[in-house]
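For reference, query_13.csv (CSV, C-alpha atoms):
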```csv
chain,number,residue,atom,x,y,z
H,1,MET,CA,121.7,108.5,90.6
H,2,ASN,CA,119.6,105.6,91.9
H,3,THR,CA,116.5,105.7,89.7
H,4,PRO,CA,114.4,102.6,90.3
H,5,LEU,CA,114.4,100.0,87.6
H,6,VAL,CA,110.7,99.3,86.8
H,7,PHE,CA,109.1,96.4,85.0
H,8,GLN,CA,105.4,96.5,84.0
H,9,PHE,CA,103.3,93.8,82.5
H,10,ILE,CA,99.9,92.0,82.7
H,11,SER,CA,99.7,88.9,84.9
H,12,GLU,CA,98.8,86.0,82.7
H,13,PRO,CA,96.7,82.8,83.0
H,14,SER,CA,100.0,80.8,83.1
H,15,ASP,CA,100.8,82.5,86.4
H,16,VAL,CA,97.8,81.1,88.2
H,17,ASN,CA,97.9,79.0,91.3
H,18,TYR,CA,95.3,76.5,92.6
H,19,GLY,CA,93.4,79.3,94.3
H,20,GLY,CA,93.0,81.3,91.1
H,21,LYS,CA,95.5,84.0,92.0
H,22,VAL,CA,99.1,84.6,90.8
H,23,HIS,CA,101.4,81.9,92.1
H,24,GLY,CA,103.9,83.0,94.7
H,25,GLY,CA,106.6,81.3,92.6
H,26,SER,CA,105.8,83.6,89.7
H,27,VAL,CA,106.2,86.7,91.9
H,28,MET,CA,109.5,85.4,93.2
H,29,LYS,CA,110.7,84.9,89.6
H,30,TRP,CA,109.7,88.5,88.8
H,31,ILE,CA,111.6,89.7,91.9
H,32,ASP,CA,114.7,87.8,90.9
H,33,GLN,CA,114.5,89.1,87.3
H,34,ALA,CA,114.1,92.8,88.4
H,35,GLY,CA,116.7,92.4,91.0
H,36,TYR,CA,119.2,91.0,88.6
H,37,ALA,CA,118.5,93.7,86.0
H,38,CYS,CA,119.0,96.4,88.7
H,39,ALA,CA,122.2,94.8,90.1
H,40,SER,CA,123.8,94.1,86.7
H,41,THR,CA,123.0,97.6,85.6
H,42,TRP,CA,124.5,99.1,88.7
H,43,SER,CA,127.6,97.0,88.6
H,44,GLY,CA,128.1,96.6,84.9
H,45,ARG,CA,128.7,92.9,85.6
H,46,TYR,CA,127.1,89.5,85.6
H,47,CYS,CA,125.6,89.1,89.1
H,48,VAL,CA,124.5,86.1,91.2
H,49,THR,CA,121.9,86.0,93.8
H,50,VAL,CA,123.3,85.3,97.2
H,51,TYR,CA,120.4,86.1,99.5
H,52,VAL,CA,116.7,86.7,99.3
H,53,GLY,CA,115.2,87.6,102.6
H,54,GLY,CA,111.9,88.4,104.2
H,55,ILE,CA,109.7,88.1,101.2
H,56,ARG,CA,106.4,89.5,102.4
H,57,PHE,CA,103.3,88.8,100.4
H,58,TYR,CA,100.7,91.5,101.6
H,59,GLN,CA,97.9,90.7,99.2
H,60,PRO,CA,97.4,88.3,96.3
H,61,ILE,CA,97.7,89.5,92.7
H,62,LYS,CA,94.8,88.6,90.4
H,63,ILE,CA,95.2,87.2,86.9
H,64,GLY,CA,94.8,90.0,84.4
H,65,GLN,CA,96.0,92.8,86.7
H,66,ILE,CA,98.8,95.1,85.6
H,67,VAL,CA,101.9,94.3,87.7
H,68,LYS,CA,104.7,96.8,88.4
H,69,VAL,CA,108.0,95.5,89.9
H,70,GLU,CA,110.3,98.3,91.2
H,71,ALA,CA,113.9,97.5,92.2
H,72,HIS,CA,116.6,99.9,93.5
H,73,VAL,CA,119.9,99.8,95.3
H,74,ILE,CA,119.8,100.6,99.0
H,75,TYR,CA,123.3,99.5,100.1
H,76,THR,CA,126.5,98.4,98.5
H,77,GLY,CA,129.4,96.5,100.1
H,78,SER,CA,132.7,95.9,98.4
H,79,THR,CA,131.2,93.3,96.0
H,80,SER,CA,127.6,93.1,97.0
H,81,MET,CA,124.5,95.1,96.3
H,82,HIS,CA,121.4,95.1,98.4
H,83,ILE,CA,118.3,95.6,96.2
H,84,ALA,CA,114.9,96.6,97.6
H,85,ILE,CA,112.1,95.2,95.5
H,86,ASP,CA,108.4,96.2,95.7
H,87,VAL,CA,105.7,94.5,93.7
H,88,TYR,CA,102.5,96.4,93.0
H,89,ALA,CA,99.3,95.5,91.0
H,90,ARG,CA,96.2,97.3,89.8
H,91,ASP,CA,93.1,96.5,87.9
H,92,LEU,CA,93.1,97.6,84.3
H,93,LYS,CA,90.3,100.2,85.0
H,94,LYS,CA,92.0,101.7,88.0
H,95,GLU,CA,94.9,104.2,88.1
H,96,THR,CA,96.3,103.4,91.5
H,97,PHE,CA,98.7,100.6,92.2
H,98,GLU,CA,98.6,98.7,95.5
H,99,LYS,CA,101.7,97.2,97.1
H,100,LYS,CA,101.5,93.4,97.1
H,101,THR,CA,105.0,92.2,98.0
H,102,HIS,CA,108.2,93.5,99.4
H,103,CYS,CA,111.7,92.0,99.9
H,104,ILE,CA,115.4,92.6,99.9
H,105,ILE,CA,117.6,90.6,97.6
H,106,VAL,CA,121.4,90.6,97.7
H,107,PHE,CA,123.5,90.1,94.6
H,108,VAL,CA,127.3,89.8,94.1
H,109,ALA,CA,129.0,90.9,90.9
H,110,THR,CA,131.3,88.4,89.3
H,111,ASP,CA,134.0,88.2,86.7
H,112,ASP,CA,134.2,85.7,83.8
H,113,ASP,CA,135.6,83.1,86.2
H,114,GLY,CA,132.8,83.5,88.7
H,115,LYS,CA,135.0,85.3,91.3
H,116,SER,CA,133.5,88.3,93.1
H,117,VAL,CA,134.5,91.7,91.9
H,118,SER,CA,134.1,95.2,93.3
H,119,VAL,CA,131.0,97.3,92.6
H,120,PRO,CA,130.5,101.0,92.5
H,121,LYS,CA,129.7,102.5,95.9
H,122,TRP,CA,126.1,103.7,96.4
H,123,ILE,CA,125.9,106.8,98.4
H,124,PRO,CA,122.5,107.8,99.9
H,125,TYR,CA,121.7,111.5,99.6
H,126,THR,CA,118.1,112.0,100.6
H,127,GLU,CA,116.6,111.2,104.0
H,128,GLU,CA,114.6,108.4,102.5
H,129,GLU,CA,117.8,106.8,101.0
H,130,LYS,CA,119.6,107.2,104.3
H,131,LYS,CA,116.7,105.3,106.0
H,132,GLN,CA,116.9,102.6,103.4
H,133,GLU,CA,120.6,102.2,103.9
H,134,GLU,CA,120.1,101.8,107.7
H,135,TYR,CA,117.3,99.3,107.0
H,136,ALA,CA,119.8,97.3,104.9
H,137,LYS,CA,122.4,97.4,107.6
H,138,ARG,CA,120.0,96.3,110.2
H,139,LEU,CA,118.9,93.4,108.0
H,140,MET,CA,122.6,92.4,107.6
H,141,VAL,CA,122.8,92.0,111.4
H,142,HIS,CA,119.7,89.8,111.4
H,143,ARG,CA,121.0,87.7,108.5
H,144,LYS,CA,124.1,86.9,110.5
H,145,GLN,CA,122.0,85.8,113.5
H,146,ILE,CA,119.9,83.7,111.2
H,147,GLU,CA,123.0,82.1,109.6
H,148,GLU,CA,124.2,81.1,113.1
H,149,GLU,CA,120.9,79.5,113.9
H,150,MET,CA,120.9,77.6,110.6
H,151,LYS,CA,124.5,76.2,110.9
H,152,PRO,CA,123.5,73.0,112.6
H,153,PHE,CA,121.1,72.2,109.7
H,154,LEU,CA,123.3,73.0,106.8
```
Would you put the structure from the file into structure tokens?
Amino acid sequence: MNTPLVFQFISEPSDVNYGGKVHGGSVMKWIDQAGYACASTWSGRYCVTVYVGGIRFYQPIKIGQIVKVEAHVIYTGSTSMHIAIDVYARDLKKETFEKKTHCIIVFVATDDDGKSVSVPKWIPYTEEEKKQEEYAKRLMVHRKQIEEEMKPFL
């Protein structure tokens, strides 16, 4: 079963940027932490980040808001896991969270020597899960195109 891994906490003054909102780097750190927890739980292994793509910041998060980071597997390769991550926030006095950020992050499971190892296959069952898997597959095609474009600059 692919139950989302969920972190919840209050954004802190140490997360502030020069504009008085939560720094994008803090959000990226939360994304990586939740993604790692999800991938390592799924695989039962230490995992490394191999790709973070299309981070989309919809709205800023304010200091003092409750933040919720949800991560779940949407596709597995032989050694890789594609994790969808959504970041939400709400004011303390409100009940409803608003989506603030979305991205896909890819992890690879490794052994003690840092070599990639196989991961359990994720199988989509619901229509929503099937759509998410197709989304991950489409993004893989886009990533290959981007890698080709980047080659001269690497």
Quick one: which stretch 86-130 of chain H residues come within 10 Å of stretch 3-11 of chain H, and what is the nearest atom pair for each with the distance in Å to one decimal, counting only C-alpha atoms, rows ordered by chain and ascending number, as a Markdown table?
```
| residue | atom | partner | partner_atom | distance |
| --- | --- | --- | --- | --- |
| H:Asp86 | CA | H:Val6 | CA | 9.7 |
| H:Val87 | CA | H:Phe7 | CA | 9.5 |
| H:Tyr88 | CA | H:Gln8 | CA | 9.5 |
| H:Ala89 | CA | H:Ser11 | CA | 9.0 |
| H:Arg90 | CA | H:Ile10 | CA | 9.6 |
| H:Asp91 | CA | H:Ile10 | CA | 9.7 |
| H:Leu92 | CA | H:Ile10 | CA | 9.0 |
```
Point to revise | For H:Tyr51: contacts at 8 Å, only C-alpha atoms, fewer than 4 positions along chain excluded, given as a PyMOL selection string | key: chain H and resi 105-107
Using all atoms listed in the file, the best pick from H:Val16, H:Met28, H:Val22, H:Val73 as closest to H:Trp42 would be H:Val73
Item to complete: Enter the distance from atom CA of H:Tyr125 to atom CA of H:Met140, in Å, rounded to one decimal.
Response: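 Atom CA of H:Met140 lies 20.7 Å from atom CA of H:Tyr125.
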Long-range neighbours of H:Met81 as a ChimeraX atom specification, 8 Å cut-off, all atoms listed in the file, 4 positions minimum in chain
/H:39,73-77,106-108,119
Self-check item: Pick from H:Asp111, H:Glu134, H:Glu70, H:Glu148, whichever lies nearest to H:Asp32 using all atoms listed in the file
Solution: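 Ranking H:Asp111, H:Glu134, H:Glu70, H:Glu148 by distance to H:Asp32, first place goes to H:Glu70.
Distances from H:Leu154, H:Val141, H:Ile66, H:Val52 to H:His102 were compared using all atoms listed in the file, and the smallest one belongs to H:Val52.
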- Pick from H:Ser116, H:Ile55, H:Lys121, H:Arg143, whichever lies nearest to H:Cys103 using only C-alpha atoms: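 Nearest candidate to H:Cys103 out of H:Ser116, H:Ile55, H:Lys121, H:Arg143: H:Ile55.
Atom CA of H:Glu128 to atom CA of H:Ser78 spans 22.4 Å [interatomic distance, one decimal].
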(message) Between atom CA of H:Trp30 and atom CA of H:Arg138, what distance in Å does the model show, to one decimal?
(response)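 Separation of atom CA of H:Trp30 and atom CA of H:Arg138: 25.0 Å.
Residue nearest H:Pro120 within the list H:Lys29, H:His23, H:Arg45, H:Lys93: H:Arg45 [criterion: smallest interatomic distance, all atoms listed in the file].
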Determine the nearest neighbour of H:Trp122 from the options H:Ile83, H:Ala71, H:Ile61, H:Ala37, counting only C-alpha atoms.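 The answer is H:Ile83, which sits nearest to H:Trp122.
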Compile the contact shell of H:Lys62 as a PyMOL selection string: residues with an atom at most 8 Å away, counting all atoms listed in the file, same-chain residues fewer than 2 positions apart removed.
-> chain H and resi 11+20-22+60+64-65
Since fewer atoms than expected are present, regenerate all heavy atoms for stretch 113-124 of chain H and write them as a tab-separated table (two decimals), in the coordinates of the input.
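Written output follows (selection.tsv):
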```tsv
chain	number	residue	atom	x	y	z
H	113	ASP	N	135.31	84.35	85.51
H	113	ASP	CA	135.60	83.10	86.20
H	113	ASP	C	134.74	82.82	87.39
H	113	ASP	O	134.97	81.86	88.13
H	113	ASP	CB	137.10	83.12	86.63
H	113	ASP	CG	138.06	83.19	85.46
H	113	ASP	OD1	137.80	82.53	84.43
H	113	ASP	OD2	139.06	83.91	85.57
H	114	GLY	N	133.74	83.70	87.59
H	114	GLY	CA	132.80	83.50	88.70
H	114	GLY	C	133.33	84.03	90.03
H	114	GLY	O	132.72	83.80	91.06
H	115	LYS	N	134.44	84.74	90.02
H	115	LYS	CA	135.00	85.30	91.30
H	115	LYS	C	134.34	86.69	91.49
H	115	LYS	O	134.10	87.45	90.55
H	115	LYS	CB	136.49	85.45	91.15
H	115	LYS	CG	137.20	84.12	91.02
H	115	LYS	CD	138.66	84.25	91.33
H	115	LYS	CE	139.48	83.01	91.24
H	115	LYS	NZ	138.91	81.75	91.15
H	116	SER	N	134.09	87.00	92.76
H	116	SER	CA	133.50	88.30	93.10
H	116	SER	C	134.39	89.44	92.72
H	116	SER	O	135.61	89.33	92.84
H	116	SER	CB	133.05	88.34	94.53
H	116	SER	OG	134.16	88.17	95.37
H	117	VAL	N	133.79	90.54	92.27
H	117	VAL	CA	134.50	91.70	91.90
H	117	VAL	C	133.88	92.96	92.55
H	117	VAL	O	132.71	92.92	92.93
H	117	VAL	CB	134.61	91.94	90.37
H	117	VAL	CG1	135.41	90.81	89.72
H	117	VAL	CG2	133.22	92.03	89.75
H	118	SER	N	134.63	94.02	92.68
H	118	SER	CA	134.10	95.20	93.30
H	118	SER	C	133.01	95.87	92.53
H	118	SER	O	132.95	95.74	91.30
H	118	SER	CB	135.23	96.21	93.63
H	118	SER	OG	135.81	96.63	92.42
H	119	VAL	N	132.14	96.57	93.24
H	119	VAL	CA	131.00	97.30	92.60
H	119	VAL	C	131.13	98.77	92.96
H	119	VAL	O	131.72	99.13	93.98
H	119	VAL	CB	129.65	96.73	93.08
H	119	VAL	CG1	129.50	95.27	92.68
H	119	VAL	CG2	129.45	96.91	94.57
H	120	PRO	N	130.53	99.62	92.13
H	120	PRO	CA	130.50	101.00	92.50
H	120	PRO	C	129.79	101.28	93.79
H	120	PRO	O	128.78	100.64	94.08
H	120	PRO	CB	129.76	101.69	91.31
H	120	PRO	CG	129.83	100.70	90.19
H	120	PRO	CD	129.90	99.35	90.84
H	121	LYS	N	130.32	102.19	94.58
H	121	LYS	CA	129.70	102.50	95.90
H	121	LYS	C	128.41	103.30	95.65
H	121	LYS	O	128.36	104.23	94.85
H	121	LYS	CB	130.70	103.36	96.69
H	121	LYS	CG	130.20	103.79	98.04
H	121	LYS	CD	130.14	102.62	98.99
H	121	LYS	CE	129.68	103.05	100.37
H	121	LYS	NZ	128.97	102.00	101.06
H	122	TRP	N	127.38	102.90	96.37
H	122	TRP	CA	126.10	103.70	96.40
H	122	TRP	C	126.16	104.59	97.56
H	122	TRP	O	126.45	104.16	98.69
H	122	TRP	CB	124.92	102.72	96.45
H	122	TRP	CG	123.64	103.48	96.53
H	122	TRP	CD1	123.05	104.19	95.52
H	122	TRP	CD2	122.79	103.61	97.67
H	122	TRP	NE1	121.88	104.75	95.97
H	122	TRP	CE2	121.70	104.42	97.29
H	122	TRP	CE3	122.85	103.14	98.97
H	122	TRP	CZ2	120.67	104.75	98.16
H	122	TRP	CZ3	121.83	103.48	99.83
H	122	TRP	CH2	120.75	104.27	99.42
H	123	ILE	N	125.87	105.85	97.32
H	123	ILE	CA	125.90	106.80	98.40
H	123	ILE	C	124.47	107.42	98.54
H	123	ILE	O	123.92	107.98	97.59
H	123	ILE	CB	126.87	107.99	98.08
H	123	ILE	CG1	128.28	107.41	97.93
H	123	ILE	CG2	126.83	109.05	99.17
H	123	ILE	CD1	129.29	108.37	97.37
H	124	PRO	N	123.88	107.26	99.73
H	124	PRO	CA	122.50	107.80	99.90
H	124	PRO	C	122.63	109.35	100.12
H	124	PRO	O	123.50	109.84	100.83
H	124	PRO	CB	122.07	107.14	101.22
H	124	PRO	CG	123.33	106.82	101.95
H	124	PRO	CD	124.37	106.55	100.90
```
